[in-house]
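Engineer: File follows, model_37.csv with CSV, C-alpha atoms and all ligand atoms:
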chain,number,residue,atom,x,y,z
A,1,MET,CA,-196.1,-45.2,-71.3
A,2,ALA,CA,-196.1,-43.3,-74.7
A,3,GLU,CA,-194.2,-45.1,-77.4
A,4,SER,CA,-192.5,-41.8,-78.3
A,5,ALA,CA,-190.8,-41.9,-74.9
A,6,VAL,CA,-188.8,-44.9,-75.9
A,7,ARG,CA,-185.3,-44.6,-77.2
A,8,PHE,CA,-182.9,-47.3,-78.6
A,9,VAL,CA,-179.2,-47.7,-77.9
A,10,THR,CA,-176.7,-50.5,-78.5
A,11,LEU,CA,-175.1,-52.5,-75.7
A,12,GLU,CA,-173.5,-50.7,-72.7
A,13,GLU,CA,-172.3,-52.3,-69.5
A,14,LYS,CA,-175.0,-50.6,-67.3
A,15,TYR,CA,-177.7,-52.3,-69.3
A,16,ILE,CA,-176.3,-55.9,-69.0
A,17,GLN,CA,-177.9,-56.8,-65.7
A,18,PRO,CA,-181.4,-55.5,-66.4
A,19,ALA,CA,-181.3,-57.0,-69.9
A,20,ALA,CA,-180.2,-60.4,-68.6
A,21,ASP,CA,-182.9,-60.3,-65.9
A,22,MET,CA,-185.5,-59.4,-68.5
A,23,ILE,CA,-184.6,-62.4,-70.6
A,24,ARG,CA,-184.5,-64.8,-67.6
A,25,GLY,CA,-187.9,-63.4,-66.5
A,26,ALA,CA,-189.5,-64.0,-70.0
A,27,PHE,CA,-188.2,-67.6,-70.2
A,28,PRO,CA,-188.1,-68.8,-66.6
A,29,ASP,CA,-188.3,-72.5,-67.5
A,30,MET,CA,-185.4,-72.5,-70.0
A,31,PRO,CA,-181.9,-73.5,-69.0
A,32,ASP,CA,-179.4,-70.7,-69.1
A,33,GLU,CA,-177.5,-72.1,-72.1
A,34,ASP,CA,-180.5,-71.5,-74.3
A,35,ASN,CA,-180.5,-67.8,-73.8
A,36,PHE,CA,-178.1,-64.9,-73.4
A,37,THR,CA,-176.9,-64.5,-69.8
A,38,GLU,CA,-174.5,-62.1,-68.2
A,39,PRO,CA,-171.3,-63.7,-69.5
A,40,ASP,CA,-172.6,-63.6,-73.1
A,41,PHE,CA,-173.5,-59.9,-72.7
A,42,TYR,CA,-170.0,-59.2,-71.4
A,43,GLU,CA,-168.5,-61.0,-74.3
A,44,MET,CA,-170.7,-59.1,-76.7
A,45,LEU,CA,-169.6,-55.8,-75.1
A,46,GLU,CA,-166.1,-56.7,-76.0
A,47,ILE,CA,-166.5,-58.0,-79.5
A,48,PHE,CA,-169.9,-57.1,-81.0
A,49,PRO,CA,-171.8,-54.4,-78.9
A,50,GLU,CA,-173.5,-53.1,-82.1
A,51,GLY,CA,-175.4,-56.5,-82.4
A,52,THR,CA,-177.4,-56.0,-79.2
A,53,PHE,CA,-180.2,-53.4,-79.0
A,54,ILE,CA,-181.7,-52.0,-75.9
A,55,ALA,CA,-185.0,-50.1,-75.6
A,56,LEU,CA,-185.1,-47.5,-72.9
A,57,ASP,CA,-187.9,-45.7,-71.2
A,58,GLY,CA,-185.9,-43.0,-69.5
A,59,ASP,CA,-183.2,-45.1,-67.9
A,60,LYS,CA,-185.3,-48.2,-67.6
A,61,VAL,CA,-184.6,-51.1,-69.9
A,62,VAL,CA,-188.0,-52.0,-71.5
A,63,GLY,CA,-186.7,-54.2,-74.3
A,64,VAL,CA,-183.7,-56.1,-75.5
A,65,ALA,CA,-182.7,-57.9,-78.8
A,66,THR,CA,-179.5,-59.9,-79.0
A,67,GLY,CA,-177.8,-61.7,-81.9
A,68,ILE,CA,-174.5,-62.7,-83.4
A,69,PHE,CA,-173.1,-63.0,-87.0
A,70,VAL,CA,-172.5,-66.7,-87.9
A,71,ASP,CA,-172.3,-68.8,-91.0
A,72,ILE,CA,-175.6,-70.7,-91.4
A,73,ASP,CA,-176.6,-73.5,-93.8
A,74,LEU,CA,-180.4,-73.6,-93.5
A,75,ASP,CA,-180.4,-77.1,-94.8
A,76,GLU,CA,-177.9,-78.3,-92.3
A,77,LEU,CA,-178.7,-76.8,-89.0
A,78,PRO,CA,-177.3,-78.5,-85.9
A,79,ARG,CA,-179.6,-80.5,-83.8
A,80,ARG,CA,-179.4,-78.0,-80.9
A,81,GLU,CA,-179.3,-74.3,-80.9
A,82,ASP,CA,-176.5,-74.0,-78.4
A,83,SER,CA,-174.1,-75.7,-80.9
A,84,LEU,CA,-174.9,-73.0,-83.4
A,85,THR,CA,-174.4,-70.1,-80.9
A,86,ARG,CA,-171.6,-71.3,-78.6
A,87,THR,CA,-168.3,-73.3,-78.5
A,88,ASN,CA,-166.5,-73.9,-75.2
A,89,GLY,CA,-168.4,-71.2,-73.4
A,90,ARG,CA,-167.7,-68.5,-75.9
A,91,THR,CA,-170.2,-67.4,-78.6
A,92,ASN,CA,-169.6,-68.4,-82.2
A,93,HIS,CA,-169.8,-64.7,-83.4
A,94,ARG,CA,-167.6,-63.9,-86.3
A,95,ASP,CA,-167.7,-60.5,-88.0
A,96,GLU,CA,-167.6,-62.3,-91.4
A,97,GLY,CA,-170.5,-64.6,-90.6
A,98,ASP,CA,-173.1,-64.6,-93.3
A,99,TYR,CA,-176.3,-64.3,-91.2
A,100,TYR,CA,-177.4,-62.5,-88.1
A,101,TYR,CA,-178.6,-65.2,-85.8
A,102,ALA,CA,-181.1,-63.6,-83.5
A,103,VAL,CA,-180.7,-65.1,-80.0
A,104,ASP,CA,-183.3,-63.3,-77.9
A,105,ILE,CA,-185.8,-60.6,-78.2
A,106,VAL,CA,-187.9,-59.6,-75.2
A,107,VAL,CA,-190.1,-56.5,-74.5
A,108,ASP,CA,-191.2,-55.8,-70.9
A,109,GLU,CA,-194.6,-57.4,-70.4
A,110,LYS,CA,-196.2,-54.0,-69.5
A,111,CYS,CA,-194.9,-52.4,-72.7
A,112,ARG,CA,-195.9,-55.0,-75.3
A,113,GLY,CA,-198.1,-54.1,-78.2
A,114,LEU,CA,-196.7,-50.6,-78.5
A,115,GLY,CA,-194.3,-51.1,-81.4
A,116,ILE,CA,-191.1,-51.6,-79.4
A,117,GLY,CA,-190.6,-55.1,-80.7
A,118,ARG,CA,-191.1,-53.8,-84.3
A,119,SER,CA,-188.5,-51.1,-83.7
A,120,LEU,CA,-186.0,-53.8,-82.4
A,121,TYR,CA,-186.6,-56.0,-85.4
A,122,ASP,CA,-186.1,-52.9,-87.7
A,123,LEU,CA,-182.8,-52.1,-86.0
A,124,ARG,CA,-181.6,-55.7,-86.6
A,125,LYS,CA,-182.7,-55.5,-90.2
A,126,ALA,CA,-180.9,-52.2,-90.6
A,127,LEU,CA,-177.7,-53.7,-89.2
A,128,VAL,CA,-178.0,-56.7,-91.5
A,129,VAL,CA,-178.5,-54.5,-94.6
A,130,SER,CA,-175.6,-52.1,-93.6
A,131,ARG,CA,-173.2,-55.1,-93.2
A,132,ALA,CA,-174.5,-56.8,-96.4
A,133,LYS,CA,-175.4,-60.0,-94.6
A,134,LYS,CA,-177.8,-62.6,-96.1
A,135,GLY,CA,-180.5,-62.1,-93.6
A,136,ILE,CA,-181.7,-62.9,-90.1
A,137,VAL,CA,-182.3,-66.5,-88.8
A,138,ALA,CA,-183.9,-67.3,-85.4
A,139,ALA,CA,-185.4,-70.1,-83.5
A,140,GLY,CA,-188.8,-68.9,-82.3
A,141,VAL,CA,-190.8,-70.0,-79.3
A,142,ILE,CA,-194.5,-70.8,-80.0
A,143,PRO,CA,-196.1,-70.2,-76.6
A,144,GLY,CA,-199.6,-70.4,-77.9
A,145,TYR,CA,-199.0,-74.1,-78.8
A,146,SER,CA,-199.1,-75.0,-75.1
A,147,LYS,CA,-202.9,-74.8,-75.3
A,148,PHE,CA,-203.1,-77.2,-78.3
A,149,LEU,CA,-200.5,-79.8,-77.3
A,150,LYS,CA,-203.1,-82.6,-77.1
A,151,GLU,CA,-205.1,-81.5,-80.1
A,152,PHE,CA,-202.5,-81.4,-82.9
A,153,GLY,CA,-198.9,-81.5,-83.7
A,154,PRO,CA,-196.6,-78.4,-83.8
A,155,THR,CA,-196.4,-78.3,-87.7
A,156,GLU,CA,-200.2,-78.1,-87.9
A,157,TYR,CA,-200.3,-75.4,-85.2
A,158,VAL,CA,-197.7,-73.3,-87.1
A,159,ARG,CA,-199.6,-73.8,-90.3
A,160,LYS,CA,-202.7,-72.5,-88.7
A,161,VAL,CA,-200.9,-69.4,-87.3
A,162,VAL,CA,-199.3,-68.7,-90.7
A,163,ALA,CA,-202.7,-69.0,-92.3
A,164,GLY,CA,-204.1,-66.5,-89.8
A,165,GLU,CA,-206.5,-69.1,-88.3
A,166,LEU,CA,-204.8,-68.8,-84.9
A,167,GLN,CA,-202.7,-66.1,-83.3
A,168,ASP,CA,-199.5,-66.8,-81.5
A,169,PRO,CA,-198.1,-64.1,-79.2
A,170,THR,CA,-194.6,-64.6,-80.6
A,171,LEU,CA,-194.9,-66.2,-84.1
A,172,SER,CA,-197.7,-63.7,-85.1
A,173,ALA,CA,-195.4,-60.8,-84.2
A,174,GLN,CA,-192.6,-62.4,-86.2
A,175,LEU,CA,-194.8,-62.9,-89.2
A,176,ALA,CA,-196.0,-59.3,-88.9
A,177,ASN,CA,-192.3,-58.3,-89.1
A,178,GLY,CA,-191.7,-60.0,-92.4
A,179,PHE,CA,-190.3,-63.3,-91.2
A,180,GLY,CA,-191.1,-66.6,-92.9
A,181,VAL,CA,-191.1,-70.0,-91.3
A,182,GLU,CA,-188.4,-72.3,-92.7
A,183,SER,CA,-189.2,-75.4,-90.5
A,184,VAL,CA,-190.6,-76.6,-87.3
A,185,ARG,CA,-188.2,-78.3,-84.8
A,186,LYS,CA,-188.4,-80.3,-81.6
A,187,ASP,CA,-185.7,-80.2,-78.9
A,188,PHE,CA,-183.7,-77.4,-80.7
A,189,PHE,CA,-183.9,-75.8,-77.2
A,190,GLU,CA,-185.7,-76.6,-74.1
A,191,ASP,CA,-189.2,-75.2,-73.6
A,192,PRO,CA,-191.3,-77.3,-71.3
A,193,GLU,CA,-194.4,-75.3,-72.0
A,194,THR,CA,-194.5,-76.4,-75.6
A,195,ASP,CA,-192.9,-79.8,-75.4
A,196,SER,CA,-189.7,-78.1,-76.7
A,197,CYS,CA,-191.2,-77.3,-80.1
A,198,CYS,CA,-190.1,-74.2,-82.0
A,199,THR,CA,-189.9,-72.6,-85.4
A,200,ILE,CA,-186.9,-71.7,-87.5
A,201,ILE,CA,-187.7,-68.4,-89.0
A,202,HIS,CA,-185.9,-66.4,-91.7
A,203,TRP,CA,-185.9,-62.8,-92.9
A,204,ARG,CA,-184.1,-62.3,-96.2
A,205,ASN,CA,-182.1,-59.1,-96.8
A,206,PRO,CA,-183.7,-57.8,-100.0
A,207,ASP,CA,-180.4,-55.9,-100.8
A,208,TYR,CA,-178.2,-58.9,-100.5
A,209,VAL,CA,-176.0,-59.6,-103.6
A,210,GLN,CA,-174.0,-62.8,-103.8
A,211,PRO,CA,-170.4,-61.7,-103.9
A,212,PRO,CA,-168.4,-62.7,-107.0
A,213,ARG,CA,-166.4,-66.0,-106.8
A,214,PRO,CA,-162.8,-65.5,-105.8
A,215,ARG,CA,-160.6,-64.8,-108.9
A,216,GLY,CA,-157.9,-67.4,-108.0
A,217,ASN,CA,-159.3,-70.5,-109.8
A,218,LYS,CA,-161.4,-68.6,-112.3
A,219,SER,CA,-160.3,-70.2,-115.5
A,220,SER,CA,-161.4,-73.7,-114.4
A,221,VAL,CA,-164.7,-72.2,-113.3
A,222,ASP,CA,-165.2,-70.3,-116.6
A,223,LEU,CA,-164.6,-73.5,-118.7
A,224,THR,CA,-167.6,-75.1,-117.2
A,225,ASN,CA,-169.8,-72.2,-118.4
A,226,SER,CA,-171.0,-73.2,-121.9
A,227,ASN,CA,-171.5,-69.6,-123.1
A,228,ARG,CA,-167.9,-68.8,-122.2
A,229,VAL,CA,-166.7,-72.0,-123.9
A,230,VAL,CA,-168.5,-71.0,-127.1
A,231,ARG,CA,-167.0,-67.5,-127.0
A,232,LEU,CA,-163.5,-68.9,-126.4
A,233,THR,CA,-163.9,-71.3,-129.3
A,234,GLU,CA,-165.0,-68.5,-131.6
A,235,ALA,CA,-162.0,-66.4,-130.5
A,236,SER,CA,-159.5,-69.2,-131.1
A,237,VAL,CA,-161.1,-69.9,-134.5
A,238,ARG,CA,-160.6,-66.2,-135.4
A,239,LEU,CA,-157.0,-66.3,-134.2
A,240,THR,CA,-156.1,-69.2,-136.3
A,241,ASN,CA,-157.7,-67.8,-139.5
B,301,LIG,C1,-192.6,-60.9,-79.3
B,301,LIG,C2,-192.4,-59.6,-78.7
B,301,LIG,C3,-190.9,-59.2,-78.7
B,301,LIG,C4,-193.1,-58.5,-79.6
B,301,LIG,O1,-192.8,-57.2,-79.0
B,301,LIG,P1,-194.0,-56.1,-79.0
B,301,LIG,O2,-193.3,-54.8,-78.6
B,301,LIG,O3,-195.1,-56.5,-78.1
B,301,LIG,O4,-194.4,-56.1,-80.5
B,301,LIG,P2,-195.0,-54.8,-81.3
B,301,LIG,O5,-195.9,-54.0,-80.5
B,301,LIG,O6,-193.8,-54.1,-82.0
B,301,LIG,O7,-195.8,-55.6,-82.5
B,301,LIG,C5,-195.2,-55.9,-83.7
B,301,LIG,C6,-196.1,-56.6,-84.6
B,301,LIG,O8,-196.5,-57.9,-84.0
B,301,LIG,C7,-197.8,-58.0,-83.8
B,301,LIG,N1,-198.1,-58.6,-82.5
B,301,LIG,C8,-197.4,-58.3,-81.4
B,301,LIG,N2,-197.9,-59.1,-80.4
B,301,LIG,C9,-198.8,-59.9,-80.9
B,301,LIG,C10,-199.7,-60.9,-80.4
B,301,LIG,N3,-199.7,-61.2,-79.1
B,301,LIG,N4,-200.6,-61.5,-81.3
B,301,LIG,C11,-200.6,-61.2,-82.6
B,301,LIG,N5,-199.8,-60.2,-83.1
B,301,LIG,C12,-198.9,-59.6,-82.3
B,301,LIG,C13,-198.4,-56.6,-83.7
B,301,LIG,O9,-199.7,-56.6,-84.2
B,301,LIG,C14,-197.5,-55.8,-84.6
B,301,LIG,O10,-197.9,-55.8,-85.9
B,301,LIG,P3,-198.5,-54.5,-86.6
B,301,LIG,O11,-197.5,-53.4,-86.4
B,301,LIG,O12,-198.7,-54.9,-88.0
B,301,LIG,O13,-199.8,-54.3,-85.8
B,301,LIG,C15,-193.0,-59.5,-77.3
B,301,LIG,O14,-194.3,-60.0,-77.3
B,301,LIG,C16,-192.3,-60.4,-76.2
B,301,LIG,O15,-191.3,-59.9,-75.6
B,301,LIG,N6,-192.7,-61.7,-76.1
B,301,LIG,C17,-192.1,-62.5,-75.1
B,301,LIG,C18,-190.7,-63.0,-75.4
B,301,LIG,C19,-190.7,-63.7,-76.7
B,301,LIG,O16,-191.5,-64.6,-77.0
B,301,LIG,N7,-189.7,-63.4,-77.6
B,301,LIG,C20,-189.4,-64.0,-78.8
B,301,LIG,C21,-188.4,-65.1,-78.7
B,301,LIG,S1,-188.3,-66.1,-80.1
As structure tokens, please, write out the structure in this file.
Ligand SMILES: CC(C)(COP(=O)(O)OP(=O)(O)OC[C@H]1O[C@@H](n2cnc3c(N)ncnc32)[C@H](O)[C@@H]1OP(=O)(O)O)[C@@H](O)C(=O)NCCC(=O)NCCS

Structural biologist:
Amino acid sequence: MAESAVRFVTLEEKYIQPAADMIRGAFPDMPDEDNFTEPDFYEMLEIFPEGTFIALDGDKVVGVATGIFVDIDLDELPRREDSLTRTNGRTNHRDEGDYYYAVDIVVDEKCRGLGIGRSLYDLRKALVVSRAKKGIVAAGVIPGYSKFLKEFGPTEYVRKVVAGELQDPTLSAQLANGFGVESVRKDFFEDPETDSCCTIIHWRNPDYVQPPRPRGNKSSVDLTNSNRVVRLTEASVRLTN
């Protein structure tokens, strides 16, 4: 299949079943709550279809990338991914969420290495930039670690992949797409192949600008700023002269 034959669309109902099947097929040993399944896609269709990207070869789904906007404190991540992504069976998506949390990305096995994954990452990045979000956060599988489980720990494995000493089918692709590794986690989600080890990866939106603080309590905030205190003092001196 030529890469030029592939086109990209956002979520539509007719792509839900093949996209869910593709995710299940890529992660057969993971429990459903650790990935997007049909009910999540139907919810996304209702509230955030523009956050899911589908790669099509003709009418055939050959890639899918899902995600939601959520508030994330990278220093205070929950113990498990599903508490970040879901509450009471609904996703935690909020239009105002400060990060795009990337839940799944899968390219059809027969079509890997052709640039489809890169295009899906680029579409996510474009969404994040256009919505002025802080960036993209994801928990990444490290399938290559399964071969080294007995040799060294997951942090050492990740260090070797980041240093280019080893290649990981997933982490190397994420690094090639501008992601950095924030931390290495165990039991964030279930992945029997790698003793449930994963990375937390992060792509920063280069255009992100911290919004100004709300104006409501501004005077108290300004008084803690020493430059402003000096200026206020000078002004009050001038006024009393
Ligand atoms: C990860 C995945 C989505 C990448 O999709 P893809 O279409 O094969 O990736 P691309 O062809 O766009 O490659 C993107 C970059 O990653 C690199 N890359 C891709 N696969 C790689 C591999 N196995 N080893 C090393 N680098 C790899 C490519 O070299 C490319 O970089 P370049 O453009 O600088 O050459 C795909 O391999 C996949 O579906 N994997 C299984 C599911 C999965 O693990 N998803 C991630 C969940 S966290």

Engineer: Nearest residue to ligand LIG 301 (chain B) out of A:Thr66, A:Asn205, A:Thr155, A:Thr85, using all atoms listed in the file?

Structural biologist: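 Ranking A:Thr66, A:Asn205, A:Thr155, A:Thr85 by distance to ligand LIG 301 (chain B), first place goes to A:Thr66.
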
Engineer: For region 160-163 of chain A, I'd like the enclosing box, axis-aligned and padded by 6 Å on every side, reported as AutoDock Vina command-line options with centre and edge lengths in Å to one decimal.

Structural biologist:
--center_x -201.0 --center_y -70.6 --center_z -89.8 --size_x 15.4 --size_y 15.8 --size_z 17.0

Engineer: Identify, counting only C-alpha atoms and all ligand atoms, the protein, DNA and RNA residues located within 8 Å of ligand LIG 301 (chain B), and give them as a ChimeraX atom specification.

Structural biologist: /A:23,26-27,63,103-109,111-120,138-143,167-177

Engineer: Quote the spacing between CA of Leu77 (chain A) and CA of Trp203 (chain A) in Å to one decimal place.

Structural biologist: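 Calculated distance between CA of Leu77 (chain A) and CA of Trp203 (chain A) is 16.2 Å.
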
Engineer: Give the answer as one residue: which of A:Asp29, A:Glu81, A:Asp207, A:Asp21 has the shortest atom-to-atom distance to Glu193 (chain A), using all atoms listed in the file?

Structural biologist: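 Looking at the shortest contact to Glu193 (chain A), the residue is A:Asp29.
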
Engineer: Output region 150-177 of chain A as a compact mmCIF listing (two decimals), in the frame of the given file, making sure N, CA and C atoms are there.

Structural biologist:
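Wrote out00.txt, looks like this:
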# COMPACT_ATOMS: atom_id res chain seq x y z
N LYS A 150 -202.42 -81.27 -76.97
CA LYS A 150 -203.10 -82.60 -77.10
C LYS A 150 -203.98 -82.64 -78.32
N GLU A 151 -204.18 -81.51 -78.98
CA GLU A 151 -205.10 -81.50 -80.10
C GLU A 151 -204.40 -81.80 -81.47
N PHE A 152 -203.25 -81.17 -81.69
CA PHE A 152 -202.50 -81.40 -82.90
C PHE A 152 -201.05 -81.18 -82.79
N GLY A 153 -200.32 -81.58 -83.79
CA GLY A 153 -198.90 -81.50 -83.70
C GLY A 153 -198.39 -80.03 -83.98
N PRO A 154 -197.10 -79.76 -83.72
CA PRO A 154 -196.60 -78.40 -83.80
C PRO A 154 -196.64 -77.86 -85.28
N THR A 155 -196.44 -78.76 -86.27
CA THR A 155 -196.40 -78.30 -87.70
C THR A 155 -197.84 -77.79 -88.04
N GLU A 156 -198.85 -78.52 -87.59
CA GLU A 156 -200.20 -78.10 -87.90
C GLU A 156 -200.54 -76.78 -87.16
N TYR A 157 -200.04 -76.66 -85.94
CA TYR A 157 -200.30 -75.40 -85.20
C TYR A 157 -199.63 -74.24 -85.96
N VAL A 158 -198.39 -74.41 -86.38
CA VAL A 158 -197.70 -73.30 -87.10
C VAL A 158 -198.41 -73.02 -88.40
N ARG A 159 -198.88 -74.07 -89.09
CA ARG A 159 -199.60 -73.80 -90.30
C ARG A 159 -200.84 -72.95 -90.08
N LYS A 160 -201.53 -73.23 -88.99
CA LYS A 160 -202.70 -72.50 -88.70
C LYS A 160 -202.39 -71.00 -88.33
N VAL A 161 -201.27 -70.79 -87.65
CA VAL A 161 -200.90 -69.40 -87.30
C VAL A 161 -200.47 -68.68 -88.61
N VAL A 162 -199.71 -69.35 -89.46
CA VAL A 162 -199.30 -68.70 -90.70
C VAL A 162 -200.50 -68.38 -91.57
N ALA A 163 -201.51 -69.27 -91.55
CA ALA A 163 -202.70 -69.00 -92.30
C ALA A 163 -203.64 -68.00 -91.70
N GLY A 164 -203.30 -67.56 -90.49
CA GLY A 164 -204.10 -66.50 -89.80
C GLY A 164 -205.33 -67.15 -89.10
N GLU A 165 -205.38 -68.48 -89.00
CA GLU A 165 -206.50 -69.10 -88.30
C GLU A 165 -206.34 -69.06 -86.79
N LEU A 166 -205.09 -68.99 -86.34
CA LEU A 166 -204.80 -68.80 -84.90
C LEU A 166 -203.78 -67.70 -84.77
N GLN A 167 -203.74 -67.11 -83.59
CA GLN A 167 -202.70 -66.10 -83.30
C GLN A 167 -201.79 -66.63 -82.25
N ASP A 168 -200.52 -66.45 -82.45
CA ASP A 168 -199.50 -66.80 -81.50
C ASP A 168 -198.83 -65.57 -80.97
N PRO A 169 -198.67 -65.38 -79.65
CA PRO A 169 -198.10 -64.10 -79.20
C PRO A 169 -196.73 -63.82 -79.75
N THR A 170 -195.95 -64.86 -80.07
CA THR A 170 -194.60 -64.60 -80.60
C THR A 170 -194.58 -64.78 -82.13
N LEU A 171 -195.03 -65.93 -82.62
CA LEU A 171 -194.90 -66.20 -84.10
C LEU A 171 -195.74 -65.14 -84.87
N SER A 172 -196.91 -64.73 -84.39
CA SER A 172 -197.70 -63.70 -85.10
C SER A 172 -196.94 -62.42 -85.22
N ALA A 173 -196.24 -62.06 -84.14
CA ALA A 173 -195.40 -60.80 -84.20
C ALA A 173 -194.30 -60.97 -85.18
N GLN A 174 -193.69 -62.16 -85.24
CA GLN A 174 -192.60 -62.40 -86.20
C GLN A 174 -193.07 -62.32 -87.62
N LEU A 175 -194.22 -62.94 -87.87
CA LEU A 175 -194.80 -62.90 -89.20
C LEU A 175 -195.11 -61.47 -89.62
N ALA A 176 -195.66 -60.71 -88.65
CA ALA A 176 -196.00 -59.30 -88.90
C ALA A 176 -194.76 -58.48 -89.22
N ASN A 177 -193.60 -58.99 -88.82
CA ASN A 177 -192.30 -58.30 -89.10
C ASN A 177 -191.57 -58.84 -90.28
